[in-house]
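Asks: This is the content of run-v6.tsv (TSV, C-alpha atoms and all ligand atoms):
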```
chain	number	residue	atom	x	y	z
A	1	MET	CA	0.00	0.00	0.00
A	2	LYS	CA	1.22	3.50	-0.85
A	3	LYS	CA	1.99	5.45	2.33
A	4	ILE	CA	-0.02	8.57	3.16
A	5	GLN	CA	2.12	11.69	2.91
A	6	CYS	CA	2.02	13.85	6.01
A	7	VAL	CA	3.42	17.00	7.58
A	8	VAL	CA	4.48	17.51	11.19
A	9	LEU	CA	3.50	21.01	12.34
A	10	GLY	CA	5.67	22.21	15.24
A	11	ALA	CA	8.34	19.63	14.36
A	12	THR	CA	11.07	21.31	16.48
A	13	GLY	CA	9.12	21.01	19.77
A	14	VAL	CA	9.02	18.15	22.28
A	15	VAL	CA	5.78	16.68	20.93
A	16	GLY	CA	6.82	17.37	17.32
A	17	GLN	CA	10.03	15.37	17.77
A	18	HIS	CA	8.05	12.45	19.20
A	19	PHE	CA	5.88	12.62	16.07
A	20	LEU	CA	8.99	12.37	13.89
A	21	ARG	CA	10.23	9.39	15.91
A	22	LEU	CA	6.88	7.56	15.84
A	23	LEU	CA	6.36	8.21	12.13
A	24	ALA	CA	9.86	6.98	11.18
A	25	SER	CA	9.41	3.70	9.27
A	26	HIS	CA	5.69	3.81	9.98
A	27	PRO	CA	3.84	1.25	7.84
A	28	LEU	CA	1.05	3.67	6.80
A	29	PHE	CA	2.38	7.24	6.99
A	30	GLN	CA	5.44	9.03	5.65
A	31	VAL	CA	6.74	12.42	6.74
A	32	ALA	CA	6.93	14.48	3.54
A	33	ALA	CA	7.15	17.93	5.12
A	34	VAL	CA	7.94	19.70	8.39
A	35	CYS	CA	6.91	23.15	9.63
A	36	ALA	CA	7.73	25.34	12.61
A	37	SER	CA	7.98	29.11	13.09
A	38	GLU	CA	8.53	31.26	10.00
A	39	GLY	CA	12.25	31.87	10.62
A	40	ARG	CA	12.94	28.14	10.11
A	41	ILE	CA	11.78	28.00	6.47
A	42	GLY	CA	14.54	26.44	4.36
A	43	GLN	CA	16.52	25.20	7.42
A	44	ARG	CA	17.48	21.49	7.46
A	45	LEU	CA	15.48	19.46	10.00
A	46	GLY	CA	18.58	17.47	11.04
A	47	ASP	CA	20.25	20.72	12.21
A	48	VAL	CA	17.66	21.56	14.90
A	49	ASN	CA	18.29	21.03	18.60
A	50	ALA	CA	17.31	17.43	19.52
A	51	LEU	CA	14.98	17.52	22.55
A	52	ILE	CA	14.43	13.77	22.98
A	53	PRO	CA	17.07	11.09	23.59
A	54	GLU	CA	16.42	9.36	20.23
A	55	GLY	CA	17.21	12.58	18.31
A	56	ILE	CA	15.90	13.41	14.82
A	57	PRO	CA	15.34	10.23	12.73
A	58	ALA	CA	17.92	9.83	9.97
A	59	GLU	CA	15.20	9.21	7.36
A	60	SER	CA	13.76	12.73	7.75
A	61	ALA	CA	16.94	14.65	8.70
A	62	ASP	CA	17.40	16.06	5.16
A	63	LEU	CA	13.89	17.54	4.94
A	64	ARG	CA	13.86	21.35	4.87
A	65	PHE	CA	11.23	23.39	6.74
A	66	SER	CA	8.33	24.44	4.51
A	67	ALA	CA	6.01	27.40	4.69
A	68	MET	CA	2.94	26.45	6.74
A	69	ASP	CA	0.30	27.14	4.08
A	70	ALA	CA	-1.95	24.85	2.08
A	71	LYS	CA	-0.35	25.72	-1.28
A	72	SER	CA	3.20	24.83	-0.20
A	73	LEU	CA	2.01	21.63	1.47
A	74	ALA	CA	-0.14	20.63	-1.51
A	75	SER	CA	2.95	20.87	-3.74
A	76	LEU	CA	4.50	18.20	-1.47
A	77	LYS	CA	1.33	16.06	-1.83
A	78	VAL	CA	0.55	16.29	1.89
A	79	GLN	CA	-2.80	14.71	2.83
A	80	VAL	CA	-2.51	14.60	6.62
A	81	ALA	CA	-1.12	17.04	9.23
A	82	PHE	CA	0.03	16.02	12.70
A	83	SER	CA	-0.15	19.19	14.73
A	84	ALA	CA	2.07	20.02	17.72
A	85	LEU	CA	1.50	23.77	17.45
A	86	PRO	CA	0.76	26.14	20.32
A	87	THR	CA	-2.99	26.59	20.67
A	88	GLU	CA	-3.11	30.20	19.50
A	89	VAL	CA	-1.17	29.32	16.30
A	90	ALA	CA	-3.20	26.14	15.73
A	91	LYS	CA	-6.45	28.10	15.75
A	92	GLU	CA	-5.79	29.74	12.37
A	93	VAL	CA	-3.51	27.18	10.74
A	94	GLU	CA	-5.57	24.03	11.43
A	95	LYS	CA	-8.78	25.67	10.18
A	96	ASP	CA	-7.12	26.87	6.95
A	97	LEU	CA	-5.41	23.56	6.20
A	98	ALA	CA	-8.60	21.56	6.88
A	99	ALA	CA	-10.56	23.87	4.57
A	100	ALA	CA	-7.97	23.14	1.87
A	101	GLY	CA	-8.46	19.37	2.27
A	102	ILE	CA	-5.64	18.40	4.66
A	103	HIS	CA	-6.91	16.19	7.49
A	104	ILE	CA	-5.68	17.36	10.90
A	105	PHE	CA	-4.74	15.25	13.92
A	106	SER	CA	-4.07	17.83	16.61
A	107	ASN	CA	-2.58	18.04	20.08
A	108	ALA	CA	-3.49	21.68	20.50
A	109	GLY	CA	-6.46	22.79	22.57
A	110	ALA	CA	-7.87	25.15	19.90
A	111	TYR	CA	-10.75	22.95	18.67
A	112	ARG	CA	-11.20	20.40	21.48
A	113	MET	CA	-14.44	21.93	22.74
A	114	ASP	CA	-15.84	22.69	19.26
A	115	ASP	CA	-19.11	20.75	18.92
A	116	ARG	CA	-18.13	19.54	15.44
A	117	VAL	CA	-14.75	18.16	16.51
A	118	PRO	CA	-14.16	14.90	18.40
A	119	ILE	CA	-11.68	14.51	21.25
A	120	LEU	CA	-10.72	11.01	20.23
A	121	ILE	CA	-9.15	8.29	22.38
A	122	PRO	CA	-9.81	5.19	20.27
A	123	GLU	CA	-10.17	2.71	23.13
A	124	VAL	CA	-12.60	5.03	24.94
A	125	ASN	CA	-14.82	6.63	22.31
A	126	HIS	CA	-14.13	5.39	18.77
A	127	PRO	CA	-17.82	5.99	17.77
A	128	HIS	CA	-17.08	9.75	18.13
A	129	LEU	CA	-15.21	9.44	14.83
A	130	ALA	CA	-18.66	10.02	13.30
A	131	LEU	CA	-18.11	13.75	13.96
A	132	ALA	CA	-15.12	13.76	11.60
A	133	ARG	CA	-17.24	12.05	8.94
A	134	GLU	CA	-19.87	14.76	9.40
A	135	GLN	CA	-17.23	17.52	9.03
A	136	LEU	CA	-16.51	16.15	5.54
A	137	GLN	CA	-20.09	17.06	4.53
A	138	HIS	CA	-19.12	20.73	4.85
A	139	SER	CA	-15.33	20.85	4.46
A	140	LYS	CA	-12.69	19.11	2.34
A	141	GLY	CA	-10.70	18.16	5.43
A	142	PHE	CA	-11.53	17.37	9.07
A	143	ILE	CA	-9.99	18.13	12.47
A	144	ILE	CA	-9.63	15.40	15.09
A	145	THR	CA	-8.11	16.36	18.45
A	146	ASN	CA	-6.41	14.52	21.29
A	147	ALA	CA	-7.40	15.11	24.86
A	148	ASN	CA	-5.19	17.18	27.12
A	149	CYS	CA	-2.31	14.99	28.40
A	150	THR	CA	-3.78	14.75	31.92
A	151	THR	CA	-7.27	13.87	30.74
A	152	THR	CA	-5.98	11.09	28.46
A	153	GLY	CA	-4.42	9.07	31.30
A	154	LEU	CA	-7.48	9.59	33.48
A	155	ALA	CA	-9.89	8.47	30.73
A	156	LEU	CA	-7.98	5.26	30.04
A	157	ALA	CA	-7.66	4.44	33.76
A	158	LEU	CA	-11.45	4.74	34.13
A	159	LEU	CA	-12.30	2.49	31.18
A	160	PRO	CA	-12.24	-0.87	32.99
A	161	ILE	CA	-14.49	0.39	35.82
A	162	LEU	CA	-17.21	1.99	33.70
A	163	PRO	CA	-19.55	-0.98	34.35
A	164	PHE	CA	-19.83	0.03	38.03
A	165	GLY	CA	-21.54	3.32	37.03
A	166	ILE	CA	-19.36	6.36	37.73
A	167	ARG	CA	-21.01	9.25	39.62
A	168	LYS	CA	-18.17	11.41	40.85
A	169	LEU	CA	-14.40	11.81	40.32
A	170	VAL	CA	-11.88	13.52	42.59
A	171	VAL	CA	-8.48	13.76	40.93
A	172	ALA	CA	-5.10	15.21	41.94
A	173	SER	CA	-2.30	15.28	39.36
A	174	TYR	CA	1.49	15.27	39.74
A	175	GLN	CA	2.53	16.51	36.29
A	176	ALA	CA	5.98	16.34	34.72
A	177	ILE	CA	7.76	19.46	33.47
A	178	SER	CA	7.85	18.21	29.84
A	179	GLY	CA	4.09	18.80	29.84
A	180	ALA	CA	4.89	22.51	29.48
A	181	GLY	CA	6.91	21.97	26.26
A	182	TYR	CA	10.36	23.49	25.56
A	183	PRO	CA	11.88	25.47	27.29
A	184	GLY	CA	8.92	25.04	29.64
A	185	VAL	CA	8.87	25.91	33.34
A	186	PRO	CA	11.86	28.02	34.55
A	187	ALA	CA	14.40	25.87	36.44
A	188	LEU	CA	14.40	28.32	39.37
A	189	ASP	CA	10.65	27.82	39.81
A	190	ILE	CA	10.51	24.03	39.68
A	191	SER	CA	13.86	22.73	41.01
A	192	GLY	CA	13.26	21.19	44.45
A	193	ASN	CA	9.71	22.50	44.36
A	194	VAL	CA	6.12	21.77	43.38
A	195	ILE	CA	3.73	24.32	41.88
A	196	PRO	CA	0.09	23.77	42.83
A	197	TYR	CA	-1.37	25.52	39.79
A	198	ILE	CA	-1.28	24.93	36.03
A	199	GLU	CA	-3.24	27.53	34.16
A	200	GLY	CA	-6.43	26.22	32.58
A	201	GLU	CA	-5.63	22.58	33.32
A	202	GLU	CA	-8.31	21.81	35.89
A	203	SER	CA	-11.19	23.11	33.81
A	204	LYS	CA	-9.80	21.23	30.77
A	205	VAL	CA	-9.93	17.97	32.75
A	206	ARG	CA	-13.55	18.62	33.80
A	207	LYS	CA	-14.84	19.64	30.37
A	208	GLU	CA	-12.87	17.11	28.33
A	209	VAL	CA	-13.86	14.13	30.52
A	210	ALA	CA	-17.53	15.09	30.09
A	211	LYS	CA	-17.17	15.29	26.30
A	212	ILE	CA	-15.02	12.17	25.84
A	213	PHE	CA	-17.39	9.94	27.81
A	214	GLY	CA	-20.45	11.69	26.35
A	215	CYS	CA	-23.05	9.79	24.36
A	216	ILE	CA	-23.02	10.37	20.63
A	217	GLN	CA	-26.40	10.61	18.93
A	218	GLU	CA	-25.92	10.93	15.19
A	219	THR	CA	-23.71	14.01	15.11
A	220	THR	CA	-24.19	15.45	18.59
A	221	ILE	CA	-22.42	14.54	21.81
A	222	GLU	CA	-24.43	14.69	25.02
A	223	PRO	CA	-21.75	15.36	27.71
A	224	MET	CA	-21.51	12.95	30.65
A	225	ASP	CA	-22.99	14.38	33.85
A	226	TRP	CA	-20.39	13.04	36.33
A	227	GLN	CA	-19.21	15.43	39.03
A	228	VAL	CA	-15.50	16.03	38.40
A	229	TYR	CA	-13.12	17.79	40.82
A	230	ALA	CA	-9.45	18.21	39.84
A	231	HIS	CA	-6.32	19.72	41.34
A	232	CYS	CA	-3.41	19.89	38.87
A	233	VAL	CA	0.12	20.24	40.26
A	234	ARG	CA	3.49	20.57	38.48
A	235	VAL	CA	6.28	18.45	40.03
A	236	PRO	CA	9.99	18.17	39.10
A	237	THR	CA	9.79	14.89	37.15
A	238	LEU	CA	10.73	14.85	33.45
A	239	VAL	CA	8.09	12.69	31.75
A	240	GLY	CA	4.87	11.10	32.99
A	241	HIS	CA	1.77	12.51	34.63
A	242	LEU	CA	0.81	10.66	37.81
A	243	LEU	CA	-2.78	10.89	39.03
A	244	SER	CA	-4.41	10.12	42.35
A	245	VAL	CA	-8.00	9.18	41.49
A	246	HIS	CA	-11.02	8.65	43.75
A	247	VAL	CA	-14.07	7.38	41.89
A	248	GLU	CA	-17.52	7.20	43.44
A	249	VAL	CA	-19.61	4.52	41.74
A	250	GLU	CA	-23.29	3.55	41.87
A	251	ASN	CA	-22.85	-0.17	42.49
A	252	GLU	CA	-20.81	-1.23	45.51
A	253	PRO	CA	-18.08	-3.52	44.12
A	254	THR	CA	-15.60	-5.81	45.86
A	255	LEU	CA	-11.87	-5.33	45.41
A	256	GLU	CA	-11.74	-8.70	43.61
A	257	GLN	CA	-14.42	-7.57	41.12
A	258	VAL	CA	-12.55	-4.34	40.37
A	259	GLN	CA	-9.22	-6.17	39.99
A	260	ALA	CA	-10.87	-8.63	37.61
A	261	CYS	CA	-12.21	-5.73	35.49
A	262	PHE	CA	-8.67	-4.38	35.07
A	263	GLU	CA	-7.16	-7.79	34.38
A	264	ASN	CA	-9.80	-8.84	31.83
A	265	TYR	CA	-10.15	-5.52	30.01
A	266	GLN	CA	-9.66	-5.80	26.21
A	267	PRO	CA	-9.87	-2.94	23.69
A	268	ASP	CA	-12.76	-3.04	21.22
A	269	ARG	CA	-12.18	-4.71	17.86
A	270	PRO	CA	-11.87	-1.48	15.75
A	271	VAL	CA	-8.72	-0.60	17.71
A	272	GLN	CA	-7.09	-4.02	17.98
A	273	GLY	CA	-3.99	-4.54	15.84
A	274	LEU	CA	-3.48	-0.90	14.81
A	275	PRO	CA	0.30	-0.33	14.61
A	276	THR	CA	0.48	2.08	17.58
A	277	ALA	CA	-2.27	0.40	19.66
A	278	PRO	CA	-0.92	-1.30	22.78
A	279	VAL	CA	-2.17	-4.83	23.31
A	280	LYS	CA	-3.09	-3.73	26.83
A	281	PRO	CA	-4.05	-0.02	27.03
A	282	VAL	CA	-4.31	-0.26	30.84
A	283	VAL	CA	-2.27	-2.52	33.15
A	284	LEU	CA	-2.73	-3.09	36.85
A	285	LEU	CA	0.54	-3.21	38.81
A	286	GLN	CA	0.52	-5.18	42.07
A	287	GLU	CA	3.60	-3.69	43.80
A	288	LYS	CA	2.64	-1.24	46.56
A	289	ASN	CA	5.10	1.44	45.35
A	290	ARG	CA	4.13	1.53	41.68
A	291	PRO	CA	3.47	3.06	39.18
A	292	GLN	CA	6.49	5.39	39.16
A	293	PRO	CA	7.36	7.82	36.33
A	294	SER	CA	11.02	6.70	36.22
A	295	ARG	CA	10.09	3.01	35.87
A	296	ASP	CA	6.70	2.73	34.21
A	297	VAL	CA	6.38	5.55	31.71
A	298	MET	CA	7.40	3.49	28.68
A	299	LEU	CA	5.01	0.56	29.20
A	300	GLY	CA	3.37	-0.72	26.03
A	301	ASP	CA	3.65	-3.64	23.70
A	302	PRO	CA	4.51	-4.02	20.74
A	303	VAL	CA	7.66	-1.82	20.49
A	304	ARG	CA	5.85	0.80	18.38
A	305	ALA	CA	3.33	1.19	21.24
A	306	GLN	CA	5.87	1.78	24.01
A	307	GLY	CA	4.63	4.68	26.14
A	308	MET	CA	1.00	4.03	25.09
A	309	THR	CA	-0.08	1.93	28.09
A	310	VAL	CA	-1.48	3.56	31.22
A	311	ALA	CA	-0.26	1.95	34.45
A	312	VAL	CA	-2.60	1.70	37.43
A	313	GLY	CA	-1.63	0.73	40.99
A	314	ARG	CA	-2.56	1.16	44.66
A	315	LEU	CA	-6.05	-0.11	43.89
A	316	GLU	CA	-8.37	0.07	46.89
A	317	VAL	CA	-12.12	-0.26	47.29
A	318	GLU	CA	-14.15	1.12	50.18
A	319	LYS	CA	-17.93	0.83	49.83
A	320	HIS	CA	-18.86	3.01	46.82
A	321	VAL	CA	-15.37	4.45	46.32
A	322	ILE	CA	-12.62	3.01	44.11
A	323	ARG	CA	-9.18	4.58	44.67
A	324	MET	CA	-6.11	4.24	42.51
A	325	ILE	CA	-2.90	5.84	41.25
A	326	ALA	CA	-2.56	6.08	37.46
A	327	LEU	CA	0.41	7.04	35.31
A	328	SER	CA	0.50	7.98	31.63
A	329	ASN	CA	3.23	9.19	29.31
A	330	ASN	CA	2.25	12.80	28.56
A	331	LEU	CA	4.41	13.03	25.41
A	332	ILE	CA	3.43	9.70	23.85
A	333	ARG	CA	-0.03	8.48	24.96
A	334	GLY	CA	-1.01	12.01	25.99
A	335	ALA	CA	0.28	13.64	22.79
A	336	ALA	CA	2.12	12.34	19.69
A	337	GLY	CA	1.31	8.62	20.06
A	338	GLY	CA	-2.34	9.42	20.72
A	339	SER	CA	-2.60	11.40	17.45
A	340	VAL	CA	-0.82	8.72	15.43
A	341	LEU	CA	-3.24	6.11	16.81
A	342	ASN	CA	-6.17	8.37	15.90
A	343	ALA	CA	-4.88	8.63	12.33
A	344	GLU	CA	-4.44	4.85	12.09
A	345	LEU	CA	-8.05	4.39	13.24
A	346	ALA	CA	-9.32	7.04	10.79
A	347	LEU	CA	-7.53	5.22	7.98
A	348	ARG	CA	-8.94	1.82	9.00
A	349	GLU	CA	-12.44	3.36	9.17
A	350	GLY	CA	-12.13	4.72	5.62
A	351	LEU	CA	-11.79	8.42	6.48
A	352	LEU	CA	-8.39	8.89	4.79
B	1	LIG	N1	4.16	18.62	26.11
B	1	LIG	C1	3.11	17.85	26.36
B	1	LIG	O1	3.14	16.96	27.24
B	1	LIG	C2	1.84	18.02	25.59
B	1	LIG	C3	0.85	17.06	25.74
B	1	LIG	C4	-0.35	17.21	25.05
B	1	LIG	C5	-0.54	18.29	24.24
B	1	LIG	N2	0.43	19.23	24.11
B	1	LIG	C6	0.18	20.33	23.18
B	1	LIG	O2	0.96	20.10	22.01
B	1	LIG	C7	1.40	21.34	21.44
B	1	LIG	C8	2.91	21.33	21.35
B	1	LIG	O3	3.47	21.17	22.64
B	1	LIG	P1	5.04	21.04	22.91
B	1	LIG	O4	5.13	20.63	24.32
B	1	LIG	O5	5.69	20.22	21.87
B	1	LIG	O6	5.51	22.57	22.74
B	1	LIG	P2	6.94	23.16	22.33
B	1	LIG	O7	8.03	22.23	22.73
B	1	LIG	O8	6.94	24.54	22.88
B	1	LIG	O9	6.90	23.23	20.71
B	1	LIG	C9	6.11	24.19	20.04
B	1	LIG	C10	6.30	24.05	18.53
B	1	LIG	O10	5.47	25.02	17.88
B	1	LIG	C11	6.26	25.80	16.99
B	1	LIG	N3	5.77	27.19	16.93
B	1	LIG	C12	5.74	28.09	17.92
B	1	LIG	N4	5.23	29.26	17.46
B	1	LIG	C13	4.97	29.09	16.14
B	1	LIG	C14	4.44	29.92	15.12
B	1	LIG	N5	4.07	31.18	15.37
B	1	LIG	N6	4.30	29.40	13.88
B	1	LIG	C15	4.66	28.13	13.62
B	1	LIG	N7	5.17	27.28	14.55
B	1	LIG	C16	5.32	27.76	15.81
B	1	LIG	C17	7.66	25.75	17.57
B	1	LIG	O11	8.58	26.04	16.53
B	1	LIG	P3	9.93	26.90	16.77
B	1	LIG	O12	10.89	25.97	17.44
B	1	LIG	O13	10.36	27.26	15.40
B	1	LIG	O14	9.53	28.07	17.62
B	1	LIG	C18	7.72	24.29	18.05
B	1	LIG	O15	7.99	23.46	16.96
B	1	LIG	C19	0.81	22.43	22.34
B	1	LIG	O16	-0.42	22.87	21.83
B	1	LIG	C20	0.61	21.71	23.67
B	1	LIG	O17	-0.38	22.32	24.46
B	1	LIG	C21	1.63	19.11	24.73
```
I'd like the structure from this file rewritten - as structure tokens, please.
Replies:
Amino acid sequence: MKKIQCVVLGATGVVGQHFLRLLASHPLFQVAAVCASEGRIGQRLGDVNALIPEGIPAESADLRFSAMDAKSLASLKVQVAFSALPTEVAKEVEKDLAAAGIHIFSNAGAYRMDDRVPILIPEVNHPHLALAREQLQHSKGFIITNANCTTTGLALALLPILPFGIRKLVVASYQAISGAGYPGVPALDISGNVIPYIEGEESKVRKEVAKIFGCIQETTIEPMDWQVYAHCVRVPTLVGHLLSVHVEVENEPTLEQVQACFENYQPDRPVQGLPTAPVKPVVLLQEKNRPQPSRDVMLGDPVRAQGMTVAVGRLEVEKHVIRMIALSNNLIRGAAGGSVLNAELALREGLL
């Protein structure tokens, strides 16, 4: 099969460089173009500052930065854009490229709460892809977004316990500094410190959870009515957002029943076997002191899906409350890997 030609928007950033890594030798997509801020146009990708240990993949190192407009990208036969742009830049660019027929898989927050745009996490809400199909009735291209990196880990950790009937969530996050991009949080603010506020993050968790778990009826999503309370805190870890989660459920389960739900959980068939889909999207760790960002942030099998599995531990049940600690990789499952998986699903479902 001929690979789909794509562009990485924001290719110099932390998420952008994970896109380049995940798309290297990808069986379905090929990076044909890269874009970043205007001053980069013409610069060789391989000459930019590597922000991730794997560096810039050799196969795309000789690409030169293009102008970020539909005409330039069309001349490179680009059909799909993976966006790692800041939200304010994404607002204009993603709309213009979609109107010109380039399908967008975005990490930016610009369109997440737009009624026409899905926040897609394939294992959680693959039927929401219907919104992208509907966009194609009015536009040549569609926009599909990822959830915020904190919301993604939370949503996947909740999946196995949905059958108990969730009523209320109380969440506290311990978020890594890479979540703020590059150069991110000043060293003098975060070294040996924690910062109990991340602008906009707590309301994103509340609103995005309601939309992601919402019921889709034809082309409208009815948001979930759970009560959601979140405190989001920046801590001096590098990668991995840890969450303390208390879930109030309708039916009073036993610990054994909840454990069995985690152990037996399988993703739905539309997601199984996609190249970046982990065989187990959620794993339950038994050790009392896990999950830990330094040990568990790259869980995921096969190799292409490393960093795509959410680890859950410290599972406890007390009457109607299930408590756990969850960990997700903010740069992979919560960002670049999540978008690549969304694109793989869109292709399998005939949208590309
Ligand atoms: N980091 C995470 O854990 C995470 C998780 C989920 C979602 N996100 C979202 O993903 C996006 C990227 O995040 P990041 O952490 O990778 O940020 P980052 O490291 O700051 O990278 C930002 C990228 O955007 C480019 N850019 C900035 N201004 C631009 C402009 N005016 N025109 C064109 N390109 C411009 C930068 O290019 P230059 O180098 O040329 O300036 C760089 O490539 C953001 O929307 C963020 O909220 C991040």
Asks: Would you place a box with edges along x, y and z of the file around all atoms of ligand LIG 1 (chain B) listed there, add 5 Å to each of its six sides, and report the centre and edge lengths in Å to one decimal, as JSON?
Replies:
```
{"center_x": 5.2, "center_y": 24.1, "center_z": 20.4, "size_x": 21.4, "size_y": 24.2, "size_z": 23.6}
```
Asks: Which value, in Å to one decimal, gives the distance between CA of Gly16 in chain A and CA of Ser178 in chain A?
Replies: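 Interatomic distance, CA of Gly16 in chain A to CA of Ser178 in chain A: 12.6 Å.
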Asks: Show me, as CSV, the residues of chain A having an atom within 6 Å of ligand LIG 1 (chain B), each with the closest atom pair and its distance in Å, using only C-alpha atoms and all ligand atoms.
Replies:
```
residue,atom,partner,partner_atom,distance
A:Gly10,CA,B:LIG1,O15,3.1
A:Ala11,CA,B:LIG1,O15,4.6
A:Thr12,CA,B:LIG1,O15,3.8
A:Gly13,CA,B:LIG1,O9,3.3
A:Val14,CA,B:LIG1,O5,3.9
A:Val15,CA,B:LIG1,O5,3.7
A:Gly16,CA,B:LIG1,O5,5.5
A:Ala36,CA,B:LIG1,N7,3.8
A:Ser37,CA,B:LIG1,C15,3.5
A:Arg40,CA,B:LIG1,O13,6.0
A:Ala84,CA,B:LIG1,C8,3.9
A:Leu85,CA,B:LIG1,O10,4.2
A:Pro86,CA,B:LIG1,O16,3.8
A:Thr87,CA,B:LIG1,O16,4.7
A:Val89,CA,B:LIG1,N5,5.6
A:Asn107,CA,B:LIG1,O2,4.5
A:Ala108,CA,B:LIG1,O16,3.6
A:Asn148,CA,B:LIG1,C4,5.3
A:Cys149,CA,B:LIG1,C4,4.5
A:Ser178,CA,B:LIG1,N1,5.3
A:Gly179,CA,B:LIG1,O1,3.3
A:Ala180,CA,B:LIG1,N1,5.2
A:Gly181,CA,B:LIG1,O4,3.0
A:Tyr182,CA,B:LIG1,O7,3.9
A:Asn330,CA,B:LIG1,O1,4.5
A:Leu331,CA,B:LIG1,O1,4.5
A:Gly334,CA,B:LIG1,C4,5.3
A:Ala335,CA,B:LIG1,C4,4.3
```
Asks: Please provide the set of residues having any atom within 12 Å of range 132-142 of chain A, restricted to all atoms listed in the file, with same-chain residues fewer than 6 positions apart removed, written as a PyMOL selection string.
Replies: chain A and resi 70+78-81+94-106+111+114-120+126+218-220+342-343+345-347+349-352
Asks: Show me as a list in words the residues that reach within 7 Å of (1.8, 16.8, 10.6), counting all atoms listed in the file and using the file's own coordinates.
Replies: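 Residues found, by chain and rising number: Cys6, Val7, Val8, Leu9, Val80, Ala81, Phe82 and Ser83 of chain A.
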Asks: Kindly indicate which residue among A:Val283, A:Ile332, A:Ala74, A:Val317 lies nearest to Ala305 in chain A, using all atoms listed in the file for the distances.
Replies: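 Closest residue, counting all atoms listed in the file: A:Ile332.
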